[in-house]
Amino acid sequence: MSGTLIMPKQTGQKDAFYASLQLYYESYKRGEEWYSNADFKTRIQELLPYLSRGAQDGPYLVKQSELTRYFGLVYYDYSTATGRAKITDTGIRFYNAYLQNDTKTQIDIIMNSIFNNSFGRNNTAIKSSDSDVDAPKLFLKSMYDLNAISRKGLAYLLYVTHDLQIEYNDAISELNKTNDFDREIPIEVANKYGDVKFTVLLNSLGIVDEIDRMYKISEYVSSNYSDKIKKLFIYNRKPDVILTLNEDETENETDIDGDVIQDKVITAFTYDISSLKFYNQNNRTPEPFKRGNTIRYKTNARIAKTALHLADYKCEINPEHTTFISKLGKPYMEAHHLIPMAYQKDFSINIDRIENIVSICPICHSAIHLGDMGTRLELLKKLFDQREEKLKRSGLNISFGELFSKYYQ
Ligand SMILES: [Zn+2]
Ligand SMILES: [Zn+2]
């Protein structure tokens, strides 16, 4: 299970980027190596009056320097109680180039920063980030490999490479097959991955162009850096470690009864059910997390997808039920947890497992959740009878009466 992927939340607007750099640069010019957060907060509001409109809190103001830190232009010292930062040598070179209106040098510095820095972890802008995926590298490489990428396409790639731990190359070839970047991802991560601020900055610096809502590598960058981007490795780990890390798949979070959101996860990736990777995920220890005041359990979209795949994308109520062909080229079916995820707490073994997940058409799925008592009884009894033995063998001992009265009344 890998950690969290965090990206700077600062506005991607150029003015905030340059204003924060200016403050650290001026401090350095005055001979004051470190610039305190307190001074930064006061001065950044003077430089950017729009920041003081409304009640902006201190942390929000300090975040305005996140992108300069993200790209290594400013170094943040976490060891002091009040917080302070200083401009780096790279930052000084960058700001001098800016003062001289030298955009090429600015681009060169940021490009080198992308090639040489770690972003998913050990980055001074986002201390708590703990991911193998280096988002700016992934952004550049995906534009190179796909020619252009949309916001949603980038969000999808971040989701599958970080949350589902799909190898980047597999994800790209899958996207290339359908050429459709308009993928839905779970709502828990849709905002975070769908609104990545550094892309806005890279756009305004002239590293990428945005045309018709698609990002492309700019001409200058393309003619000077294509060879390097082609060979760019998007992870902050060594290629030979991939296999070991992959044994441990990430789960994604879902909402409500655990399958409603999951059904909307359009992922093409299934497990090889004879693999150790699959076995470990299917039999993992249930992992609770808190959403508001309720305890929820993480589900794995890839497990659900595997269950649909095993059912050959047919409705397990009636294989004659037809839907439509989804973006991924398979009949659209939904995954339903017979024992709903909300009741994981009643079981010691993981219920987000293929034995407990049925493939059903959207009409049958709605009927199971919204139908009258008779309808629900009939459909669930049918599914249960087909699954009873598998459930037992996986250690889930439950009778139909128990299932229905406890979880579907
Ligand atoms: Zn359901
Ligand atoms: Zn059906």
# chains A, B, ... in the order shown; residues from 1 in each chain; ligands from 1

$ residues_around --residues "segment 122-124 of chain A" --least-positions-apart "4" --cutoff "8 Å" --atoms "only C-alpha atoms" --output "ChimeraX atom specification"
/A:69-70,72,75-76,117-118,129-130

$ residues_near_ligand --ligand "ligand 2" --cutoff "10 Å" --atoms "only C-alpha atoms and all ligand atoms" --output "ChimeraX atom specification"
/A:314-323,333-334,359-367,379

$ select_by_dssp --residues "segment 134-227 of chain A" --states "strand (DSSP E or B)" --output "ChimeraX atom specification"
/A:149-150,208-211,214-217

$ residues_around --residues "Ile149 of chain A" --least-positions-apart "6" --cutoff "8 Å" --atoms "only C-alpha atoms" --output "list in words"
Ser142, Met143, Phe181, Met214, Tyr215 and Lys216 of chain A

$ closest_residue --among "A:Tyr95, A:Tyr50, A:Tyr193, A:Phe198" --to "Phe71 of chain A" --atoms "only C-alpha atoms"
A:Phe198

$ closest_residue --among "A:His369, A:Lys29, A:Lys137, A:Lys298" --to "ligand 1" --atoms "only C-alpha atoms and all ligand atoms"
A:His369

$ residues_around --residues "Asn116 of chain A" --least-positions-apart "6" --cutoff "12 Å" --atoms "only C-alpha atoms" --output "PDB file with N, CA and C atoms, in the first residue's frame"
ATOM      1  N   PHE A  71       9.478  23.318  -7.429  1.00  0.00           N
ATOM      2  CA  PHE A  71      10.486  23.226  -8.485  1.00  0.00           C
ATOM      3  C   PHE A  71      11.895  23.566  -7.995  1.00  0.00           C
ATOM      4  N   GLY A  72      12.063  23.602  -6.690  1.00  0.00           N
ATOM      5  CA  GLY A  72      13.410  23.739  -6.140  1.00  0.00           C
ATOM      6  C   GLY A  72      13.993  25.149  -6.175  1.00  0.00           C
ATOM      7  N   ILE A 109      15.707  26.157 -16.727  1.00  0.00           N
ATOM      8  CA  ILE A 109      15.853  25.862 -15.296  1.00  0.00           C
ATOM      9  C   ILE A 109      14.713  24.967 -14.809  1.00  0.00           C
ATOM     10  N   ILE A 110      13.498  25.292 -15.205  1.00  0.00           N
ATOM     11  CA  ILE A 110      12.358  24.466 -14.758  1.00  0.00           C
ATOM     12  C   ILE A 110      12.431  23.063 -15.377  1.00  0.00           C
ATOM     13  N   ASN A 123       9.944  16.212  -1.327  1.00  0.00           N
ATOM     14  CA  ASN A 123       9.874  17.514  -1.978  1.00  0.00           C
ATOM     15  C   ASN A 123       9.521  18.539  -0.909  1.00  0.00           C
ATOM     16  N   ASP A 134       6.037  10.818  -9.819  1.00  0.00           N
ATOM     17  CA  ASP A 134       6.436  12.220  -9.917  1.00  0.00           C
ATOM     18  C   ASP A 134       5.527  12.904 -10.941  1.00  0.00           C
ATOM     19  N   PRO A 136       4.900  15.966 -12.239  1.00  0.00           N
ATOM     20  CA  PRO A 136       5.316  16.772 -13.387  1.00  0.00           C
ATOM     21  C   PRO A 136       6.004  15.940 -14.479  1.00  0.00           C
ATOM     22  N   LYS A 137       6.723  14.890 -14.052  1.00  0.00           N
ATOM     23  CA  LYS A 137       7.362  14.009 -15.042  1.00  0.00           C
ATOM     24  C   LYS A 137       6.295  13.250 -15.819  1.00  0.00           C
ATOM     25  N   LYS A 228      15.279  13.855 -24.117  1.00  0.00           N
ATOM     26  CA  LYS A 228      15.270  13.626 -22.670  1.00  0.00           C
ATOM     27  C   LYS A 228      13.892  13.224 -22.168  1.00  0.00           C
ATOM     28  N   ILE A 229      12.870  13.842 -22.727  1.00  0.00           N
ATOM     29  CA  ILE A 229      11.503  13.510 -22.292  1.00  0.00           C
ATOM     30  C   ILE A 229      11.164  12.075 -22.685  1.00  0.00           C
ATOM     31  N   LEU A 232      12.405   9.849 -20.151  1.00  0.00           N
ATOM     32  CA  LEU A 232      12.046  10.221 -18.774  1.00  0.00           C
ATOM     33  C   LEU A 232      11.342   9.081 -18.044  1.00  0.00           C
ATOM     34  N   PHE A 233      11.778   8.836 -16.831  1.00  0.00           N
ATOM     35  CA  PHE A 233      11.169   7.821 -15.973  1.00  0.00           C
ATOM     36  C   PHE A 233      10.271   8.567 -14.994  1.00  0.00           C
ATOM     37  N   ILE A 234       9.010   8.220 -14.945  1.00  0.00           N
ATOM     38  CA  ILE A 234       8.055   9.053 -14.212  1.00  0.00           C
ATOM     39  C   ILE A 234       7.982   8.762 -12.714  1.00  0.00           C
ATOM     40  N   TYR A 235       8.767   7.784 -12.271  1.00  0.00           N
ATOM     41  CA  TYR A 235       8.749   7.419 -10.849  1.00  0.00           C
ATOM     42  C   TYR A 235      10.003   7.916 -10.142  1.00  0.00           C
ATOM     43  N   ASN A 236       9.908   8.074  -8.811  1.00  0.00           N
ATOM     44  CA  ASN A 236      11.098   8.402  -8.042  1.00  0.00           C
ATOM     45  C   ASN A 236      11.670   7.140  -7.403  1.00  0.00           C
TER      46      ASN A 236
END

$ atom_distance --atom1 "atom CA of Ala304 of chain A" --atom2 "atom CA of Gln281 of chain A"
11.4 Å

$ closest_residue --among "A:Gln106, A:Gln165, A:Asn300, A:Ser275" --to "Val221 of chain A" --atoms "only C-alpha atoms"
A:Gln106

$ closest_residue --among "A:Asn191, A:Ser274, A:Thr80, A:Asn293" --to "Leu158 of chain A" --atoms "only C-alpha atoms"
A:Asn191

$ closest_residue --among "A:Ile368, A:Leu201, A:Val208, A:Leu23" --to "ligand 1" --atoms "only C-alpha atoms and all ligand atoms"
A:Ile368

$ atom_distance --atom1 "atom CA of Ile87 of chain A" --atom2 "atom CA of Tyr24 of chain A"
5.3 Å

$ closest_residue --among "A:Lys290, A:Tyr407, A:Thr285, A:Lys104" --to "Ile339 of chain A" --atoms "only C-alpha atoms"
A:Tyr407

$ residues_around --residues "segment 385-387 of chain A" --least-positions-apart "3" --cutoff "12 Å" --atoms "only C-alpha atoms" --output "JSON, numbers by chain"
{"A": [316, 317, 318, 337, 338, 339, 354, 355, 356, 357, 358, 359, 377, 378, 379, 380, 381, 382, 390, 391, 392, 393, 394, 396, 397, 398, 399, 400, 401, 403]}

$ atom_distance --atom1 "atom CA of Pro286 of chain A" --atom2 "atom CA of Asn350 of chain A"
5.2 Å

$ select_by_dssp --residues "segment 60-232 of chain A" --states "alpha helix (DSSP H)" --output "PyMOL selection string"
chain A and resi 60-63+66-70+89-99+103-116+135-146+151-158+168-178+187-194+197-205+219-230

$ write_last_selection --atoms "C-alpha atoms" --output "JSON list (two decimals), in the first residue's frame"
[["chain", "number", "residue", "atom", "x", "y", "z"],
["A", 60, "TYR", "CA", -3.11, 29.89, 2.76],
["A", 61, "LEU", "CA", -0.73, 32.80, 2.39],
["A", 62, "VAL", "CA", 2.34, 30.64, 2.96],
["A", 63, "LYS", "CA", 1.03, 28.21, 0.34],
["A", 66, "GLU", "CA", 4.49, 26.21, -2.83],
["A", 67, "LEU", "CA", 5.18, 26.16, -6.54],
["A", 68, "THR", "CA", 8.55, 27.89, -6.16],
["A", 69, "ARG", "CA", 9.45, 25.24, -3.59],
["A", 70, "TYR", "CA", 8.01, 22.42, -5.71],
["A", 89, "ASP", "CA", 21.02, 29.07, -6.06],
["A", 90, "THR", "CA", 18.73, 27.80, -8.79],
["A", 91, "GLY", "CA", 16.09, 30.25, -7.59],
["A", 92, "ILE", "CA", 18.56, 33.13, -7.83],
["A", 93, "ARG", "CA", 19.52, 32.17, -11.39],
["A", 94, "PHE", "CA", 15.86, 31.84, -12.28],
["A", 95, "TYR", "CA", 14.92, 35.22, -10.83],
["A", 96, "ASN", "CA", 17.86, 36.94, -12.52],
["A", 97, "ALA", "CA", 16.73, 35.49, -15.84],
["A", 98, "TYR", "CA", 13.26, 36.81, -15.12],
["A", 99, "LEU", "CA", 14.62, 40.29, -14.40],
["A", 103, "THR", "CA", 12.35, 33.29, -20.87],
["A", 104, "LYS", "CA", 14.52, 30.56, -22.37],
["A", 105, "THR", "CA", 16.76, 30.36, -19.33],
["A", 106, "GLN", "CA", 13.68, 30.24, -17.11],
["A", 107, "ILE", "CA", 12.29, 27.34, -19.12],
["A", 108, "ASP", "CA", 15.66, 25.57, -19.07],
["A", 109, "ILE", "CA", 15.85, 25.86, -15.30],
["A", 110, "ILE", "CA", 12.36, 24.47, -14.76],
["A", 111, "MET", "CA", 12.97, 21.66, -17.26],
["A", 112, "ASN", "CA", 16.12, 20.66, -15.44],
["A", 113, "SER", "CA", 14.26, 20.81, -12.19],
["A", 114, "ILE", "CA", 11.61, 18.44, -13.56],
["A", 115, "PHE", "CA", 14.27, 16.04, -14.83],
["A", 116, "ASN", "CA", 16.33, 16.04, -11.65],
["A", 135, "ALA", "CA", 3.46, 14.14, -11.29],
["A", 136, "PRO", "CA", 5.32, 16.77, -13.39],
["A", 137, "LYS", "CA", 7.36, 14.01, -15.04],
["A", 138, "LEU", "CA", 4.23, 12.04, -15.74],
["A", 139, "PHE", "CA", 2.64, 15.16, -17.24],
["A", 140, "LEU", "CA", 5.56, 15.77, -19.63],
["A", 141, "LYS", "CA", 6.00, 12.15, -20.58],
["A", 142, "SER", "CA", 2.30, 11.62, -21.24],
["A", 143, "MET", "CA", 2.20, 14.62, -23.59],
["A", 144, "TYR", "CA", 5.18, 13.17, -25.41],
["A", 145, "ASP", "CA", 3.66, 9.67, -25.63],
["A", 146, "LEU", "CA", 0.12, 10.73, -26.49],
["A", 151, "ARG", "CA", -7.04, 17.69, -17.76],
["A", 152, "LYS", "CA", -9.21, 14.60, -17.31],
["A", 153, "GLY", "CA", -6.67, 12.41, -19.05],
["A", 154, "LEU", "CA", -3.95, 13.60, -16.69],
["A", 155, "ALA", "CA", -6.24, 13.03, -13.71],
["A", 156, "TYR", "CA", -6.91, 9.50, -14.92],
["A", 157, "LEU", "CA", -3.20, 8.78, -15.34],
["A", 158, "LEU", "CA", -2.42, 10.09, -11.85],
["A", 168, "TYR", "CA", 2.80, 3.92, -16.49],
["A", 169, "ASN", "CA", 3.55, 2.12, -19.76],
["A", 170, "ASP", "CA", 0.54, -0.16, -19.37],
["A", 171, "ALA", "CA", -1.69, 2.81, -18.63],
["A", 172, "ILE", "CA", -0.44, 4.67, -21.70],
["A", 173, "SER", "CA", -0.90, 1.76, -24.07],
["A", 174, "GLU", "CA", -4.40, 1.26, -22.70],
["A", 175, "LEU", "CA", -5.22, 4.95, -23.29],
["A", 176, "ASN", "CA", -3.70, 4.74, -26.74],
["A", 177, "LYS", "CA", -5.97, 1.84, -27.66],
["A", 178, "THR", "CA", -9.17, 3.76, -27.07],
["A", 187, "ILE", "CA", -14.96, 11.48, -6.50],
["A", 188, "GLU", "CA", -12.54, 11.27, -3.59],
["A", 189, "VAL", "CA", -9.65, 12.00, -5.90],
["A", 190, "ALA", "CA", -11.37, 13.72, -8.82],
["A", 191, "ASN", "CA", -10.88, 17.23, -7.43],
["A", 192, "LYS", "CA", -7.28, 16.69, -6.43],
["A", 193, "TYR", "CA", -6.15, 15.10, -9.67],
["A", 194, "GLY", "CA", -8.49, 17.08, -11.91],
["A", 197, "LYS", "CA", -1.98, 23.71, -10.37],
["A", 198, "PHE", "CA", 1.51, 23.19, -11.71],
["A", 199, "THR", "CA", 0.13, 22.58, -15.22],
["A", 200, "VAL", "CA", -1.21, 26.14, -15.23],
["A", 201, "LEU", "CA", 2.22, 27.45, -14.27],
["A", 202, "LEU", "CA", 4.03, 25.34, -16.89],
["A", 203, "ASN", "CA", 1.58, 26.72, -19.41],
["A", 204, "SER", "CA", 2.25, 30.33, -18.48],
["A", 205, "LEU", "CA", 6.01, 29.77, -18.48],
["A", 219, "GLU", "CA", 7.71, 24.04, -29.64],
["A", 220, "TYR", "CA", 10.77, 25.32, -27.81],
["A", 221, "VAL", "CA", 10.68, 22.46, -25.31],
["A", 222, "SER", "CA", 9.90, 19.92, -27.98],
["A", 223, "SER", "CA", 12.88, 20.89, -30.13],
["A", 224, "ASN", "CA", 15.30, 21.11, -27.20],
["A", 225, "TYR", "CA", 14.17, 18.35, -24.85],
["A", 226, "SER", "CA", 12.38, 15.64, -26.85],
["A", 227, "ASP", "CA", 15.19, 13.13, -26.41],
["A", 228, "LYS", "CA", 15.27, 13.63, -22.67],
["A", 229, "ILE", "CA", 11.50, 13.51, -22.29],
["A", 230, "LYS", "CA", 11.39, 10.33, -24.35]]

$ residues_around --residues "Asn283 of chain A" --least-positions-apart "4" --cutoff "8 Å" --atoms "only C-alpha atoms" --output "list of chain:residue names"
A:Tyr279, A:Ile349, A:Asn350, A:Arg353
